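Trainee: Got a structure for you, input_20.cif, holding mmCIF, C-alpha atoms.
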data_work
loop_
_atom_site.label_atom_id
_atom_site.label_comp_id
_atom_site.auth_asym_id
_atom_site.auth_seq_id
_atom_site.Cartn_x
_atom_site.Cartn_y
_atom_site.Cartn_z
CA MET A 11 -5.20 76.38 7.25
CA SER A 12 -5.44 75.11 3.71
CA GLU A 13 -8.58 73.45 2.56
CA GLN A 14 -6.79 70.10 2.45
CA ALA A 15 -5.46 70.40 6.01
CA GLU A 16 -8.86 71.47 7.24
CA PHE A 17 -10.38 68.39 5.73
CA ILE A 18 -7.90 66.10 7.46
CA ASN A 19 -8.02 67.89 10.79
CA PRO A 20 -11.22 69.92 10.92
CA ALA A 21 -11.69 72.71 13.42
CA PRO A 22 -14.00 71.83 16.33
CA SER A 23 -17.65 72.55 15.75
CA ASP A 24 -17.80 74.74 18.85
CA PRO A 25 -15.15 77.48 18.50
CA SER A 26 -15.64 78.62 22.14
CA THR A 27 -13.76 75.56 23.44
CA GLY A 28 -10.92 76.67 21.22
CA ALA A 29 -9.19 73.32 21.37
CA SER A 30 -8.36 72.32 17.83
CA GLU A 31 -6.02 69.70 19.31
CA GLU A 32 -9.01 68.22 21.14
CA TRP A 33 -8.67 64.47 21.61
CA THR A 34 -10.23 62.47 18.80
CA PRO A 35 -11.05 58.85 19.53
CA ARG A 36 -9.67 56.12 17.32
CA ILE A 37 -12.61 54.07 16.13
CA ILE A 38 -12.34 50.92 14.07
CA ALA A 39 -15.21 50.85 11.58
CA PHE A 40 -16.22 47.62 9.90
CA LEU A 41 -18.29 48.58 6.88
CA CYS A 42 -20.17 46.17 4.70
CA ASN A 43 -19.07 46.35 1.07
CA TRP A 44 -22.55 46.62 -0.42
CA CYS A 45 -24.26 49.23 1.74
CA SER A 46 -22.29 51.10 4.35
CA TYR A 47 -19.02 51.29 2.43
CA ALA A 48 -20.94 52.69 -0.52
CA GLY A 49 -22.74 55.00 1.91
CA ALA A 50 -19.39 56.25 3.19
CA ASP A 51 -18.32 56.72 -0.41
CA LEU A 52 -21.43 58.76 -1.09
CA ALA A 53 -20.77 60.90 1.97
CA GLY A 54 -17.33 61.57 0.53
CA THR A 55 -18.41 62.34 -3.03
CA SER A 56 -21.21 64.54 -1.65
CA ARG A 57 -18.55 66.46 0.35
CA ILE A 58 -20.36 65.86 3.62
CA GLN A 59 -18.06 66.49 6.58
CA TYR A 60 -17.76 64.07 9.46
CA PRO A 61 -15.13 63.57 12.18
CA PRO A 62 -11.88 61.93 11.02
CA SER A 63 -12.06 59.42 13.85
CA ILE A 64 -12.85 56.20 12.02
CA ARG A 65 -10.42 53.72 10.51
CA VAL A 66 -12.39 51.85 7.91
CA ILE A 67 -12.08 48.11 7.31
CA ARG A 68 -14.14 46.91 4.40
CA VAL A 69 -15.83 43.54 4.88
CA PRO A 70 -18.07 41.61 2.48
CA CYS A 71 -21.02 41.60 4.89
CA SER A 72 -21.80 42.59 8.46
CA GLY A 73 -22.29 38.86 8.99
CA ARG A 74 -18.62 38.40 8.12
CA VAL A 75 -17.55 40.43 11.13
CA ASN A 76 -16.27 37.82 13.53
CA PRO A 77 -16.96 39.04 17.09
CA GLN A 78 -13.34 38.16 17.73
CA TYR A 79 -12.28 41.09 15.52
CA ILE A 80 -14.21 43.49 17.71
CA ILE A 81 -12.88 41.96 20.91
CA LYS A 82 -9.37 42.01 19.51
CA ALA A 83 -9.67 45.67 18.53
CA LEU A 84 -10.82 46.61 22.03
CA ALA A 85 -8.24 44.42 23.75
CA ASP A 86 -5.51 46.05 21.70
CA GLY A 87 -6.64 49.48 22.79
CA ALA A 88 -9.07 50.83 20.20
CA ASP A 89 -11.23 53.55 21.75
CA GLY A 90 -14.29 52.23 20.03
CA VAL A 91 -15.60 49.92 17.36
CA MET A 92 -18.37 50.63 14.90
CA VAL A 93 -19.99 48.03 12.68
CA SER A 94 -22.33 49.05 9.93
CA GLY A 95 -24.19 46.90 7.44
CA CYS A 96 -27.23 46.80 5.20
CA HIS A 97 -30.66 47.33 6.69
CA PRO A 98 -32.42 44.11 7.73
CA GLY A 99 -34.03 42.67 4.62
CA ASP A 100 -31.54 44.38 2.29
CA CYS A 101 -28.56 42.07 2.74
CA HIS A 102 -26.69 41.33 -0.47
CA TYR A 103 -26.34 37.76 0.80
CA LEU A 104 -30.00 37.72 1.90
CA GLU A 105 -29.54 36.84 5.55
CA GLY A 106 -26.03 37.79 6.72
CA ASN A 107 -27.15 40.81 8.65
CA TYR A 108 -29.88 38.87 10.43
CA TYR A 109 -27.28 36.52 11.89
CA ALA A 110 -25.10 39.53 12.66
CA ARG A 111 -27.95 41.21 14.53
CA ARG A 112 -28.18 38.37 17.06
CA ARG A 113 -24.45 38.08 17.34
CA PHE A 114 -23.98 41.78 18.01
CA ALA A 115 -26.73 41.89 20.62
CA VAL A 116 -25.04 39.07 22.51
CA LEU A 117 -21.60 40.59 22.02
CA LYS A 118 -22.73 43.93 23.37
CA ARG A 119 -24.16 42.31 26.48
CA LEU A 120 -20.95 40.31 26.87
CA LEU A 121 -18.77 43.40 26.66
CA SER A 122 -20.87 45.30 29.13
CA LEU A 123 -20.79 42.34 31.55
CA ALA A 124 -17.01 42.40 31.29
CA GLY A 125 -16.97 46.09 32.12
CA PHE A 126 -16.44 47.70 28.74
CA HIS A 127 -18.75 50.66 28.40
CA PRO A 128 -21.58 49.61 26.08
CA ASP A 129 -21.17 52.85 24.12
CA ARG A 130 -17.71 51.79 22.97
CA VAL A 131 -19.23 49.33 20.53
CA GLN A 132 -21.84 50.66 18.14
CA PHE A 133 -23.86 48.80 15.55
CA THR A 134 -25.91 50.50 12.90
CA TRP A 135 -27.53 50.03 9.50
CA VAL A 136 -26.61 52.44 6.71
CA SER A 137 -27.65 51.86 3.11
CA ALA A 138 -25.74 52.85 -0.03
CA SER A 139 -27.99 55.85 -0.58
CA GLU A 140 -27.63 57.23 2.94
CA GLY A 141 -24.46 59.34 2.69
CA ALA A 142 -25.85 62.01 4.98
CA LYS A 143 -26.93 59.39 7.48
CA PHE A 144 -23.47 57.85 7.42
CA ALA A 145 -21.91 61.20 8.30
CA GLU A 146 -24.47 61.68 11.05
CA VAL A 147 -23.84 58.19 12.45
CA VAL A 148 -20.09 58.76 12.55
CA SER A 149 -20.60 62.09 14.33
CA THR A 150 -22.93 60.51 16.89
CA VAL A 151 -20.64 57.55 17.51
CA THR A 152 -17.56 59.78 17.79
CA GLU A 153 -19.32 62.05 20.26
CA LYS A 154 -20.48 59.10 22.40
CA ILE A 155 -16.95 57.72 22.55
CA ARG A 156 -15.31 61.10 23.04
CA VAL A 157 -17.38 61.50 26.23
CA LEU A 158 -16.01 58.19 27.52
CA GLY A 159 -12.38 59.20 26.96
CA PRO A 160 -9.49 57.00 25.83
CA SER A 161 -9.68 53.23 26.20
CA GLU A 162 -8.81 51.89 29.65
CA LEU A 163 -6.45 49.44 28.04
CA GLY A 164 -4.36 51.87 26.01
CA GLY A 165 -2.81 50.99 22.70
CA ARG A 166 -0.35 48.13 22.53
CA ASP A 167 1.89 50.31 20.43
CA GLY A 168 1.88 52.86 23.23
CA ALA A 169 0.16 55.45 21.05
CA MET B 20 -27.98 10.48 48.95
CA ASP B 21 -26.88 6.89 49.20
CA TYR B 22 -23.62 6.70 47.26
CA GLU B 23 -22.99 3.11 48.27
CA MET B 24 -26.30 1.86 46.90
CA GLN B 25 -25.89 3.96 43.78
CA SER B 26 -22.34 2.65 43.19
CA ARG B 27 -23.48 -0.93 43.66
CA ARG B 28 -26.35 -0.54 41.23
CA LEU B 29 -24.12 1.29 38.76
CA ALA B 30 -21.62 -1.60 38.82
CA GLU B 31 -24.44 -4.13 38.32
CA ILE B 32 -25.93 -2.25 35.39
CA ALA B 33 -22.53 -1.66 33.77
CA ALA B 34 -21.54 -5.33 34.16
CA LYS B 35 -24.84 -6.47 32.66
CA LEU B 36 -24.61 -4.09 29.68
CA LEU B 37 -21.07 -5.29 28.95
CA GLU B 38 -21.94 -8.95 29.47
CA ASP B 39 -24.92 -8.77 27.09
CA GLU B 40 -22.71 -6.87 24.64
CA THR B 41 -25.38 -4.20 24.44
CA VAL B 42 -22.51 -1.72 24.59
CA GLU B 43 -18.81 -1.95 23.90
CA ALA B 44 -17.78 0.34 26.71
CA VAL B 45 -19.14 2.08 29.77
CA LEU B 46 -17.84 5.58 30.32
CA GLY B 47 -17.65 6.51 33.96
CA LEU B 48 -15.22 7.42 36.70
CA ARG B 49 -12.79 5.40 38.77
CA ASN B 50 -10.76 6.16 41.86
CA ASN B 51 -7.38 7.58 41.01
CA PRO B 52 -5.03 7.78 44.01
CA GLU B 53 -2.42 9.58 41.91
CA ALA B 54 -4.75 12.41 40.94
CA GLY B 55 -6.53 12.43 44.29
CA TRP B 56 -9.99 12.52 42.78
CA PRO B 57 -12.00 10.19 40.52
CA THR B 58 -10.94 10.43 36.90
CA PRO B 59 -12.67 9.32 33.69
CA TYR B 60 -12.56 5.63 33.05
CA CYS B 61 -13.72 3.43 30.24
CA ALA B 62 -14.89 -0.02 31.36
CA ARG B 63 -14.70 -2.56 28.55
CA THR B 64 -15.23 -5.93 30.32
CA PRO B 65 -17.70 -6.97 33.03
CA GLN B 66 -14.72 -7.19 35.44
CA ASP B 67 -13.80 -3.58 34.68
CA ALA B 68 -17.28 -2.52 35.75
CA GLU B 69 -16.29 -3.19 39.38
CA ARG B 70 -13.92 -0.25 39.22
CA LEU B 71 -16.56 2.35 38.40
CA VAL B 72 -17.19 4.62 41.36
CA TRP B 73 -19.82 7.12 42.28
CA ASN B 74 -19.20 9.44 45.21
CA GLU B 75 -19.39 13.08 46.19
CA ALA B 76 -16.13 13.91 44.39
CA CYS B 77 -17.33 12.68 40.99
CA TYR B 78 -17.77 16.15 39.52
CA THR B 79 -16.07 15.62 36.15
CA ASN B 80 -18.31 16.35 33.17
CA LEU B 81 -18.06 13.28 30.95
CA ALA B 82 -20.12 14.53 28.02
CA PHE B 83 -17.10 15.68 26.02
CA TYR B 84 -15.43 12.25 26.28
CA LEU B 85 -18.47 10.76 24.61
CA THR B 86 -17.64 12.59 21.37
CA GLU B 87 -14.39 10.63 21.17
CA MET B 88 -15.86 7.18 21.78
CA ARG B 89 -16.09 4.69 18.94
CA GLY B 90 -18.73 1.99 19.00
CA LYS B 91 -21.80 1.85 21.19
CA THR B 92 -21.18 3.33 24.60
CA ALA B 93 -23.04 3.73 27.86
CA ILE B 94 -22.31 6.91 29.77
CA VAL B 95 -22.77 7.53 33.48
CA ALA B 96 -24.44 10.93 33.42
CA LYS B 97 -25.57 13.29 36.15
CA PRO B 98 -27.91 16.21 35.31
CA CYS B 99 -25.15 18.56 34.09
CA ASP B 100 -23.64 15.85 31.89
CA VAL B 101 -27.03 15.25 30.33
CA ARG B 102 -27.51 18.98 29.68
CA SER B 103 -24.14 18.94 27.93
CA ILE B 104 -25.06 15.82 25.96
CA ILE B 105 -28.28 17.52 24.82
CA ASN B 106 -26.25 20.53 23.72
CA LEU B 107 -23.85 18.31 21.78
CA ILE B 108 -26.72 16.43 20.11
CA SER B 109 -28.33 19.70 19.02
CA GLU B 110 -25.01 20.67 17.45
CA ASN B 111 -24.71 17.34 15.61
CA GLN B 112 -21.68 16.26 17.58
CA LEU B 113 -23.32 13.11 18.93
CA ASP B 114 -25.55 10.49 17.42
CA ARG B 115 -28.31 9.61 19.85
CA ASP B 116 -28.49 6.04 18.52
CA ASN B 117 -24.89 5.47 19.43
CA PHE B 118 -25.03 5.68 23.20
CA ILE B 119 -27.05 4.79 26.25
CA ILE B 120 -27.45 7.24 29.09
CA ILE B 121 -27.25 5.79 32.60
CA GLY B 122 -28.89 8.76 34.32
CA ILE B 123 -27.80 9.13 37.91
CA GLU B 124 -29.43 11.37 40.46
CA CYS B 125 -27.15 13.99 41.98
CA GLU B 126 -27.72 16.56 44.68
CA GLY B 127 -24.50 18.44 43.95
CA LYS B 128 -20.87 17.44 44.26
CA ARG B 129 -18.21 18.60 46.68
CA LYS B 130 -14.67 19.69 45.93
CA ASP B 131 -12.12 20.31 48.69
CA GLY B 132 -14.87 20.11 51.31
CA LYS B 133 -16.94 22.85 49.66
CA PRO B 134 -19.84 22.56 47.20
CA ALA B 135 -18.27 22.18 43.76
CA PRO B 136 -18.45 25.22 41.43
CA GLY B 137 -21.59 25.16 39.32
CA CYS B 138 -23.48 22.88 41.68
CA ASP B 139 -24.91 25.84 43.59
CA ALA B 140 -27.00 26.86 40.58
CA CYS B 141 -28.10 23.40 39.44
CA PRO B 142 -31.85 23.45 38.75
CA SER B 143 -32.69 19.79 39.33
CA SER B 144 -31.30 16.57 40.76
CA ILE B 145 -32.83 14.57 37.90
CA PRO B 146 -31.21 14.35 34.44
CA GLY B 147 -33.16 15.79 31.50
CA PHE B 148 -33.41 12.44 29.80
CA TRP B 149 -32.05 8.97 30.37
CA ASP B 150 -32.31 5.34 29.29
CA ILE B 151 -31.53 3.69 32.61
CA ALA B 152 -32.24 5.48 35.87
CA ILE B 153 -30.36 5.31 39.16
CA GLY B 154 -32.22 7.28 41.81
CA ALA B 155 -30.72 8.87 44.90
CA ASP B 156 -31.50 5.78 46.97
CA GLY B 157 -30.02 3.38 44.43
CA SER B 158 -33.42 2.26 43.07
CA ASP B 159 -34.70 2.89 39.56
CA THR B 160 -37.04 5.73 40.57
CA TRP B 161 -36.15 9.38 41.01
CA CYS B 162 -36.36 10.99 44.44
CA ASP B 163 -36.36 14.60 43.14
CA LEU B 164 -34.19 16.06 45.88
CA PRO B 165 -34.56 19.74 46.78
CA MET B 166 -31.74 21.81 45.25
CA ALA B 167 -30.03 24.73 46.97
CA GLN B 168 -30.07 27.02 43.88
CA THR B 169 -28.05 29.72 45.58
CA GLY B 170 -26.29 30.79 42.37
CA GLU B 171 -26.21 34.50 41.69
CA ASN B 172 -28.43 36.18 39.11
CA VAL B 173 -25.79 37.86 36.98
CA THR B 174 -28.18 40.19 35.16
CA GLN B 175 -29.47 41.60 38.43
CA TRP B 176 -25.93 42.07 39.69
CA ALA B 177 -24.92 43.78 36.44
CA LYS B 178 -27.87 46.14 36.57
CA LYS B 179 -26.95 47.23 40.08
CA SER B 180 -23.23 47.61 39.46
CA THR B 181 -21.34 50.32 37.61
CA VAL B 182 -19.18 49.83 34.53
CA GLU B 183 -16.07 50.29 36.67
CA GLU B 184 -17.16 47.62 39.14
CA ARG B 185 -17.78 45.17 36.33
CA PHE B 186 -14.42 45.96 34.74
CA ASP B 187 -12.64 45.53 38.09
CA ARG B 188 -14.29 42.17 38.68
CA PHE B 189 -13.38 41.01 35.19
CA LEU B 190 -9.77 42.22 35.48
CA LYS B 191 -9.41 40.63 38.91
CA GLU B 192 -10.31 37.25 37.45
CA ILE B 193 -8.28 37.79 34.27
CA ASN B 194 -5.16 38.75 36.20
CA GLN B 195 -5.01 35.33 37.84
CA CYS B 196 -5.17 33.55 34.49
CA ILE B 197 -2.00 31.98 33.15
CA LEU B 198 -3.50 31.03 29.77
CA CYS B 199 -3.09 27.30 30.36
CA TYR B 200 -6.39 26.64 28.48
CA ALA B 201 -7.51 24.05 31.05
CA CYS B 202 -10.98 25.64 30.98
CA ARG B 203 -11.12 25.16 27.23
CA GLN B 204 -10.01 21.53 27.46
CA ALA B 205 -12.60 20.71 30.11
CA CYS B 206 -15.47 22.54 28.45
CA GLN B 207 -18.17 20.50 26.72
CA GLY B 208 -18.74 23.35 24.26
CA CYS B 209 -15.09 23.78 23.24
CA TYR B 210 -14.80 20.89 20.83
CA CYS B 211 -13.21 22.73 17.88
CA VAL B 212 -10.41 20.63 16.44
CA SER B 213 -8.29 23.73 16.05
CA CYS B 214 -9.11 26.48 18.50
CA PHE B 215 -8.70 30.11 17.45
CA MET B 216 -5.98 30.46 20.09
CA ASP B 217 -3.95 27.63 18.56
CA ARG B 218 -3.94 28.95 15.02
CA LYS B 219 -0.35 29.90 14.49
CA ALA B 220 -1.23 30.99 10.95
CA THR B 221 -3.00 34.12 12.14
CA PRO B 222 -0.21 36.33 13.36
CA TRP B 223 -2.64 39.04 14.39
CA GLU B 224 -3.51 36.89 17.38
CA GLN B 225 -0.41 37.20 19.52
CA ILE B 226 -0.22 34.73 22.35
CA ASP B 227 1.74 36.08 25.24
CA ALA B 228 0.20 36.13 28.68
CA ASP B 229 -0.54 39.86 28.73
CA THR B 230 -3.85 41.44 29.57
CA GLY B 231 -4.78 41.96 25.92
CA SER B 232 -4.33 38.28 25.01
CA LYS B 233 -6.18 37.16 28.11
CA ILE B 234 -9.09 39.46 27.35
CA ALA B 235 -9.13 38.30 23.74
CA PHE B 236 -9.11 34.65 24.80
CA HIS B 237 -11.69 34.81 27.55
CA LEU B 238 -14.11 37.15 25.81
CA THR B 239 -13.97 35.21 22.55
CA ARG B 240 -14.49 31.98 24.44
CA ALA B 241 -17.45 33.53 26.22
CA MET B 242 -18.83 34.69 22.88
CA HIS B 243 -18.47 31.19 21.46
CA LEU B 244 -20.30 29.81 24.50
CA ALA B 245 -23.21 32.23 24.25
CA GLY B 246 -26.39 30.19 24.40
CA ARG B 247 -24.34 26.98 24.60
CA CYS B 248 -23.01 27.01 28.16
CA THR B 249 -24.86 24.42 30.22
CA ASP B 250 -23.60 25.82 33.52
CA CYS B 251 -21.81 22.60 34.53
CA GLY B 252 -18.95 24.53 36.16
CA ALA B 253 -16.22 22.38 34.58
CA CYS B 254 -14.17 25.49 33.66
CA GLU B 255 -14.06 26.60 37.27
CA LYS B 256 -13.47 23.12 38.66
CA VAL B 257 -10.35 22.56 36.60
CA CYS B 258 -8.83 26.04 36.91
CA SER B 259 -5.51 25.85 38.71
CA SER B 260 -5.47 29.60 39.42
CA GLY B 261 -9.03 29.91 40.69
CA VAL B 262 -10.29 32.06 37.82
CA ASN B 263 -14.05 32.33 37.99
CA LEU B 264 -15.49 33.62 34.75
CA LYS B 265 -18.58 31.46 34.86
CA TYR B 266 -20.59 34.53 35.82
CA ILE B 267 -19.99 35.94 32.32
CA TYR B 268 -21.20 32.78 30.60
CA LYS B 269 -24.17 32.66 32.94
CA GLY B 270 -24.99 36.31 32.27
CA LEU B 271 -25.03 35.58 28.54
CA SER B 272 -27.25 32.53 29.05
CA GLU B 273 -29.67 34.72 30.98
CA PHE B 274 -29.61 37.30 28.19
CA VAL B 275 -30.21 34.72 25.46
CA GLU B 276 -33.07 33.20 27.42
CA GLU B 277 -34.64 36.60 28.09
CA THR B 278 -34.22 37.93 24.54
CA TYR B 279 -34.58 34.88 22.30
CA GLY B 280 -36.32 32.42 24.63
CA PHE B 281 -33.60 29.79 24.27
CA LYS B 282 -31.98 27.72 26.98
CA ALA B 283 -29.03 25.45 26.28
CA GLY B 284 -29.25 21.79 27.24
CA VAL B 285 -33.04 21.48 27.31
CA ASN B 286 -34.17 20.36 23.87
CA PRO B 287 -31.93 18.18 21.67
CA GLU B 288 -34.11 18.98 18.63
CA ALA B 289 -33.71 22.76 18.92
CA THR B 290 -31.46 24.67 16.54
CA PRO B 291 -28.74 26.46 18.53
CA VAL B 292 -29.70 30.08 19.13
CA MET B 293 -26.82 31.66 17.22
CA ASN B 294 -27.40 29.41 14.20
CA ARG B 295 -30.76 30.92 13.34
CA TYR B 296 -32.57 34.22 13.30
CA GLU B 297 -36.03 35.70 13.22
CA ALA B 298 -36.86 38.54 10.83
CA ASP B 299 -38.36 40.44 13.76
CA ASP B 300 -35.52 39.96 16.25
CA PRO B 301 -35.37 42.99 18.57
CA GLN B 302 -32.98 45.75 17.51
CA VAL B 303 -31.50 45.73 20.97
CA ALA B 304 -27.87 46.48 20.26
CA PHE B 305 -28.31 49.16 17.63
CA LEU B 306 -27.77 52.85 17.52
CA GLY B 307 -31.18 54.37 18.11
CA GLY B 308 -32.70 50.97 19.01
CA ASP B 309 -33.94 50.08 22.49
CA CYS B 310 -30.70 49.76 24.37
CA ILE B 311 -31.71 47.08 26.85
CA VAL B 312 -28.42 45.35 26.12
CA GLY B 313 -26.14 47.97 27.51
CA ILE B 314 -27.43 47.35 31.06
#
Produce structure tokens that represent the structure in this file.

Mentor:
Amino acid sequence: MSEQAEFINPAPSDPSTGASEEWTPRIIAFLCNWCSYAGADLAGTSRIQYPPSIRVIRVPCSGRVNPQYIIKALADGADGVMVSGCHPGDCHYLEGNYYARRRFAVLKRLLSLAGFHPDRVQFTWVSASEGAKFAEVVSTVTEKIRVLGPSELGGRDGA
Amino acid sequence: MDYEMQSRRLAEIAAKLLEDETVEAVLGLRNNPEAGWPTPYCARTPQDAERLVWNEACYTNLAFYLTEMRGKTAIVAKPCDVRSIINLISENQLDRDNFIIIGIECEGKRKDGKPAPGCDACPSSIPGFWDIAIGADGSDTWCDLPMAQTGENVTQWAKKSTVEERFDRFLKEINQCILCYACRQACQGCYCVSCFMDRKATPWEQIDADTGSKIAFHLTRAMHLAGRCTDCGACEKVCSSGVNLKYIYKGLSEFVEETYGFKAGVNPEATPVMNRYEADDPQVAFLGGDCIVGI
């Protein structure tokens, strides 16, 4: 496997399972432009490996993430959703992530009341200097969602 | 309950208010043989006031109609209407100086011979605030009737149930839905001029009655109602397919009350819970935080 191919489709961390075609969840990641997106960038430029499970959508602020986007992603069959923003107190817009914090707490309770597994939606704070933490967060989130298996709703596109 | 005495006193008060020109209109309910149940009615002359009724089928929540009234209005309001009015005031949808509340005591309404949806969880027979009072016996003092309060505690149910059980219950309700949006139209909290479901300009929101669209609609509506639902049961009362998603709204109200100490429809001065934040809000939903939210 060439280095490039290995980067796109890395071998599983545990070789004993031997399943390189092991199912990888599809996770929609909303990253805030000022912290987490830069953190993801840093993880990349630092050559830190993390699972290729996330599909990144860059947003101006975690407060810009309309809960509807997350609901829509799940309803359309995403296996999981991850939202990451600046640490509380570090918001570029001063208070966006504080509003987001309340919103996400309520949203998570709502989803679990409706029978979505709470682990399918993950919220976290990653700053621009935390490339290693970003990689770690993605690994943790991917592992949590991998355990749950594919979304009950399946993809609308049948994939 | 003495509906006859209450109706008589209501008609007297309404006629007097209109005669004195204290108000331009009295918003209440009248008998509607075509519909089969009392429907909203706007009395504008003292003669009109005779048509206002008050009986055990008067379960319609009138608070939303108040937002569309022009000129000074009196509204016939039972406890759930008043909770909704308080919610609308706190969201700057109503001007308190512009209307008079005729508070009317209510021990719960009946629909099709059964207690109406929402009435089983009603905390009190007395409205939260009022300008003119009509007690249960038709006098101007409250009787403070005992309430059944047999509504379920959704948080307790959720803690006992599994994820699969909750998903099954949700899907069972969703599957009956035909996306007619009657719940949205009846809801006091759904006053957006253009609802997210009606925005044709956002093609990413497909509207066909499949499970995905129904989930998107109902969950987003529930999210919008978080900390704003006053538990009046209007959504369930109007549903033609018998969809009962009030338990989700109620579960969120319980969560908001437990986590942020806010209850909708209590204090008209309070800032709505999702419109503010505290720097030390609990990190309940976050990776590595205390996951009390996940149930």

Trainee: Figure out the distance between atom CA of A:Gly90 and atom CA of B:Tyr200, please, to one decimal in Å.

Mentor: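 So the answer is 28.1 Å.
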
Trainee: Evaluate the PyMOL selection byres ((chain B) within 9 of (chain A)) and record the selected residues as a short mmCIF file (atom, residue, chain, number, x, y, z; two decimals) with C-alpha atoms, in the frame of the given file, following the chain and residue labels used in the document.

Mentor:
data_model
loop_
_atom_site.label_atom_id
_atom_site.label_comp_id
_atom_site.auth_asym_id
_atom_site.auth_seq_id
_atom_site.Cartn_x
_atom_site.Cartn_y
_atom_site.Cartn_z
CA VAL B 173 -25.79 37.86 36.98
CA THR B 174 -28.18 40.19 35.16
CA ALA B 177 -24.92 43.78 36.44
CA THR B 181 -21.34 50.32 37.61
CA VAL B 182 -19.18 49.83 34.53
CA GLU B 183 -16.07 50.29 36.67
CA GLU B 184 -17.16 47.62 39.14
CA ARG B 185 -17.78 45.17 36.33
CA PHE B 186 -14.42 45.96 34.74
CA ASP B 187 -12.64 45.53 38.09
CA ARG B 188 -14.29 42.17 38.68
CA PHE B 189 -13.38 41.01 35.19
CA LEU B 190 -9.77 42.22 35.48
CA TRP B 223 -2.64 39.04 14.39
CA GLU B 224 -3.51 36.89 17.38
CA THR B 230 -3.85 41.44 29.57
CA GLY B 231 -4.78 41.96 25.92
CA SER B 232 -4.33 38.28 25.01
CA LYS B 233 -6.18 37.16 28.11
CA ILE B 234 -9.09 39.46 27.35
CA ALA B 235 -9.13 38.30 23.74
CA PHE B 236 -9.11 34.65 24.80
CA LEU B 238 -14.11 37.15 25.81
CA THR B 239 -13.97 35.21 22.55
CA ALA B 241 -17.45 33.53 26.22
CA MET B 242 -18.83 34.69 22.88
CA ALA B 245 -23.21 32.23 24.25
CA TYR B 266 -20.59 34.53 35.82
CA ILE B 267 -19.99 35.94 32.32
CA TYR B 268 -21.20 32.78 30.60
CA GLY B 270 -24.99 36.31 32.27
CA LEU B 271 -25.03 35.58 28.54
CA PHE B 274 -29.61 37.30 28.19
CA VAL B 275 -30.21 34.72 25.46
CA TYR B 279 -34.58 34.88 22.30
CA VAL B 292 -29.70 30.08 19.13
CA MET B 293 -26.82 31.66 17.22
CA ASN B 294 -27.40 29.41 14.20
CA ARG B 295 -30.76 30.92 13.34
CA TYR B 296 -32.57 34.22 13.30
CA GLU B 297 -36.03 35.70 13.22
CA ALA B 298 -36.86 38.54 10.83
CA ASP B 300 -35.52 39.96 16.25
CA PRO B 301 -35.37 42.99 18.57
CA GLN B 302 -32.98 45.75 17.51
CA VAL B 303 -31.50 45.73 20.97
CA ALA B 304 -27.87 46.48 20.26
CA PHE B 305 -28.31 49.16 17.63
CA LEU B 306 -27.77 52.85 17.52
CA GLY B 307 -31.18 54.37 18.11
CA ILE B 311 -31.71 47.08 26.85
CA VAL B 312 -28.42 45.35 26.12
CA GLY B 313 -26.14 47.97 27.51
CA ILE B 314 -27.43 47.35 31.06
#

Trainee: Determine, counting all atoms listed in the file, which protein, DNA and RNA residues have an atom within 12 Å of an atom of B:Arg27; residues of the same chain fewer than 5 positions away are not included. Present the result as a VMD selection string.

Mentor: chain B and resid 21 to 22 32 to 34 68 to 74 153 156 to 158

Trainee: From the set A:Val75, A:Ala145, A:Leu104, A:Val66, which residue has the shortest atom-to-atom contact distance to A:Gly49, counting all atoms listed in the file?

Mentor: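 With all atoms listed in the file as the atom set, the closest residue is A:Ala145.
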
Trainee: How far is it from atom CA of B:Cys138 to atom CA of B:Val101, in Å with one decimal?

Mentor: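 So the two atoms, atom CA of B:Cys138 and atom CA of B:Val101, lie 14.1 Å apart.
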
Trainee: Using only C-alpha atoms, which protein or nucleic acid residues come within 8 Å of B:Pro136? Drop anything in the same chain fewer than 6 positions from it, and give the result as a ChimeraX atom specification.

Mentor: /B:252-253,255-256

Trainee: In Å, with one decimal, what is the gap from atom CA of B:Asn117 to atom CA of B:Ala93?

Mentor: 8.8 Å

Trainee: Which residues are close to B:Gln168, i.e. within 7 Å by all atoms listed in the file, leaving aside same-chain residues fewer than 6 positions away? Reply as a VMD selection string.

Mentor: chain B and resid 139 to 142

Trainee: What do you get, as an MDAnalysis selection string, if you spell out every residue that the PyMOL selection byres ((chain B and resi 257-261) around 7) selects here?

Mentor: chainID B and resid 195:196 201:202 253:256 262:263

Trainee: So that I can check the surroundings of A:Thr34, please list as a ChimeraX atom specification every protein, DNA and RNA residue that reaches within 8 Å of it, counting all atoms listed in the file and ignoring chain neighbours fewer than 3 positions away.

Mentor: /A:62-63,152,156

Trainee: Write the residues of the preceding selection, restricted to C-alpha atoms, as a PDB file, in the coordinates of the input.

Mentor:
ATOM      1  CA  PRO A  62     -11.880  61.930  11.020  1.00  0.00           C
ATOM      2  CA  SER A  63     -12.060  59.420  13.850  1.00  0.00           C
ATOM      3  CA  THR A 152     -17.560  59.780  17.790  1.00  0.00           C
ATOM      4  CA  ARG A 156     -15.310  61.100  23.040  1.00  0.00           C
TER       5      ARG A 156
END
